[in-house]
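Right, one structure below, let's go through it.
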Amino acid sequence: MPSLDRQDNVFVLDLGDGENRFHPDWLTAVSAALDEVEKAEGPRALVTAATGKFYSNGLDLDWLSAHTDHYQDYVVTVHELFARMLSLPVITVAALQGHTFAAGAMFSLAHDFRVMRADRGYWCLPEADINIPFTPGMAALIQSRLAPQTAHEAMITARRYGGADAAATGIVDQAVTEEAVRSTAIEIAQAQVNKAGDTLGTIKARMYAPALATLRDTTNPLG
């Protein structure tokens, strides 16, 4: 399960050491961690990271298949996580040490910055291959954070981007060695801790207003 630590002024949220899929309990734990980050005072920033082969493999499809009657409520909760991270009033950095797929990749895009391992691991939106269309909120998030041509390619071809390719296309900000992923993310976050607060939150809310409105549409989240 996710766990929150603090290194000086940088909170580090470790998403776990498995596939880190969005099980309802996992989503609750991440939300509680974000509560703690938001309630803290003074300079601060947030890094999300993971341990092992995966950063996140996205939606918990096994749970969904066993709880089909909760599908819409589940999607609303996932959308709210994306919206919350996108507008969080602190600088956020995703440290992608392993595979980052589907909703896990979307979650990474909701961060301000991304650092990825250069030599192994993929960033991918596989929805076109697995026959699961993007919700309007997911599409809005992706298209608000990637250049149009990159979003187009990533969304319709399900391309798997290695670290170097992800950096070249602007999906991530840096591709570094495995050992440097988390420390580089913390360095980026530490340099921006004084930005935390209402002004930053307002800037993000206004910058991403259309995407946030779509993500927070609870009346027709599936389109």
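Going by the structure tokens order, chains are called A, B, ..., each with residues numbered from 1, while ligands are numbered from 1 in the order shown.
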Show me, as JSON lines, the residues of segment 4-34 of chain A having an atom within 12 Å of segment 177-189 of chain A, each with the closest atom pair and its distance in Å, using only C-alpha atoms.
{"residue": "A:Arg6", "atom": "CA", "partner": "A:Ile186", "partner_atom": "CA", "distance": 10.5}
{"residue": "A:Gln7", "atom": "CA", "partner": "A:Ile186", "partner_atom": "CA", "distance": 8.6}
{"residue": "A:Asp8", "atom": "CA", "partner": "A:Ile186", "partner_atom": "CA", "distance": 10.2}
{"residue": "A:Asn9", "atom": "CA", "partner": "A:Ala189", "partner_atom": "CA", "distance": 8.8}
{"residue": "A:Val10", "atom": "CA", "partner": "A:Ala189", "partner_atom": "CA", "distance": 6.6}
{"residue": "A:Phe11", "atom": "CA", "partner": "A:Ile186", "partner_atom": "CA", "distance": 8.8}
{"residue": "A:Val12", "atom": "CA", "partner": "A:Ile186", "partner_atom": "CA", "distance": 8.1}
{"residue": "A:Leu13", "atom": "CA", "partner": "A:Arg182", "partner_atom": "CA", "distance": 11.0}
{"residue": "A:Asp14", "atom": "CA", "partner": "A:Arg182", "partner_atom": "CA", "distance": 10.3}
Got time to write the residues from that selection, C-alpha atoms, as a PDB file, in the first residue's frame?
ATOM      1  CA  ARG A   6       9.121  13.435   4.291  1.00  0.00           C
ATOM      2  CA  GLN A   7      12.656  14.475   3.394  1.00  0.00           C
ATOM      3  CA  ASP A   8      13.191  18.042   4.565  1.00  0.00           C
ATOM      4  CA  ASN A   9      10.517  19.989   2.688  1.00  0.00           C
ATOM      5  CA  VAL A  10       9.737  17.276   0.151  1.00  0.00           C
ATOM      6  CA  PHE A  11       7.007  14.722   0.794  1.00  0.00           C
ATOM      7  CA  VAL A  12       7.711  11.381  -0.889  1.00  0.00           C
ATOM      8  CA  LEU A  13       4.685   9.212  -1.586  1.00  0.00           C
ATOM      9  CA  ASP A  14       5.751   5.647  -2.384  1.00  0.00           C
TER      10      ASP A  14
END
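Every protein, DNA or RNA residue with an atom at most 12 Å from Thr219 of chain A, where only C-alpha atoms count and chain neighbours fewer than 6 positions away do not, is listed here: Gln72, Asp73, Val75, Val76 and Ala213 of chain A.
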Written selection (all heavy atoms) as a PDB file, in the first residue's frame:
ATOM      1  N   GLN A  72     -19.181   3.169 -12.716  1.00  0.00           N
ATOM      2  CA  GLN A  72     -19.225   4.618 -12.882  1.00  0.00           C
ATOM      3  C   GLN A  72     -18.672   5.337 -11.646  1.00  0.00           C
ATOM      4  O   GLN A  72     -17.916   6.307 -11.785  1.00  0.00           O
ATOM      5  CB  GLN A  72     -20.648   5.102 -13.172  1.00  0.00           C
ATOM      6  CG  GLN A  72     -20.733   6.615 -13.356  1.00  0.00           C
ATOM      7  CD  GLN A  72     -21.971   7.057 -14.114  1.00  0.00           C
ATOM      8  OE1 GLN A  72     -22.332   6.452 -15.115  1.00  0.00           O
ATOM      9  NE2 GLN A  72     -22.601   8.123 -13.641  1.00  0.00           N
ATOM     10  N   ASP A  73     -19.029   4.884 -10.463  1.00  0.00           N
ATOM     11  CA  ASP A  73     -18.505   5.506  -9.244  1.00  0.00           C
ATOM     12  C   ASP A  73     -16.983   5.370  -9.171  1.00  0.00           C
ATOM     13  O   ASP A  73     -16.292   6.294  -8.716  1.00  0.00           O
ATOM     14  CB  ASP A  73     -19.136   4.864  -8.006  1.00  0.00           C
ATOM     15  CG  ASP A  73     -20.603   5.218  -7.839  1.00  0.00           C
ATOM     16  OD1 ASP A  73     -21.047   6.215  -8.443  1.00  0.00           O
ATOM     17  OD2 ASP A  73     -21.310   4.483  -7.129  1.00  0.00           O
ATOM     18  N   VAL A  75     -14.889   5.171 -11.751  1.00  0.00           N
ATOM     19  CA  VAL A  75     -14.310   6.108 -12.715  1.00  0.00           C
ATOM     20  C   VAL A  75     -14.338   7.528 -12.167  1.00  0.00           C
ATOM     21  O   VAL A  75     -13.364   8.288 -12.316  1.00  0.00           O
ATOM     22  CB  VAL A  75     -15.037   6.022 -14.068  1.00  0.00           C
ATOM     23  CG1 VAL A  75     -14.592   7.152 -15.002  1.00  0.00           C
ATOM     24  CG2 VAL A  75     -14.774   4.671 -14.729  1.00  0.00           C
ATOM     25  N   VAL A  76     -15.429   7.904 -11.511  1.00  0.00           N
ATOM     26  CA  VAL A  76     -15.513   9.232 -10.895  1.00  0.00           C
ATOM     27  C   VAL A  76     -14.388   9.419  -9.875  1.00  0.00           C
ATOM     28  O   VAL A  76     -13.759  10.483  -9.816  1.00  0.00           O
ATOM     29  CB  VAL A  76     -16.896   9.433 -10.242  1.00  0.00           C
ATOM     30  CG1 VAL A  76     -16.888  10.666  -9.323  1.00  0.00           C
ATOM     31  CG2 VAL A  76     -17.973   9.576 -11.302  1.00  0.00           C
ATOM     32  N   ALA A 213     -12.714  20.706 -15.434  1.00  0.00           N
ATOM     33  CA  ALA A 213     -14.178  20.666 -15.505  1.00  0.00           C
ATOM     34  C   ALA A 213     -14.658  19.337 -16.074  1.00  0.00           C
ATOM     35  O   ALA A 213     -15.648  18.764 -15.597  1.00  0.00           O
ATOM     36  CB  ALA A 213     -14.688  21.827 -16.361  1.00  0.00           C
TER      37      ALA A 213
END
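Backbone DSSP over segment 52-123 of chain A yields strand (DSSP E or B) at Phe54, Tyr55, Ser56, Leu59, Ile91, Thr92, Val93, Ala94, Ala95, Leu96, His99, Thr100, Phe101, Phe113, Arg114, Val115, Met116, Arg117 and Trp123 of chain A.
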Please indicate the distance in Å from atom CA of Leu15 of chain A to atom CA of Thr51 of chain A, rounded to one decimal place.
7.7 Å
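Using only C-alpha atoms, the contacts of Ala32 of chain A at a cut-off of 12 Å, with sequence neighbours closer than 2 positions omitted, comprise Met1, Pro2, Ser3, Leu4, Leu13, Asp25, Trp26, Leu27, Thr28, Ala29, Val30, Leu34, Asp35, Glu36, Val37, Glu38, Lys39 and Leu81 of chain A.
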Asn131 of chain A environment, 12 Å, only C-alpha atoms, sequence neighbours closer than 3 positions dropped, as a PyMOL selection string:
chain A and resi 102+125-128+134+155-158
So which bits of segment 21-209 of chain A end up helix (DSSP H, G or I) when you DSSP the backbone, as an MDAnalysis selection string?
chainID A and resid 24:39 61:66 68:87 103:109 127:130 136:145 148:157 163:168 178:190 193:195 198:207 209
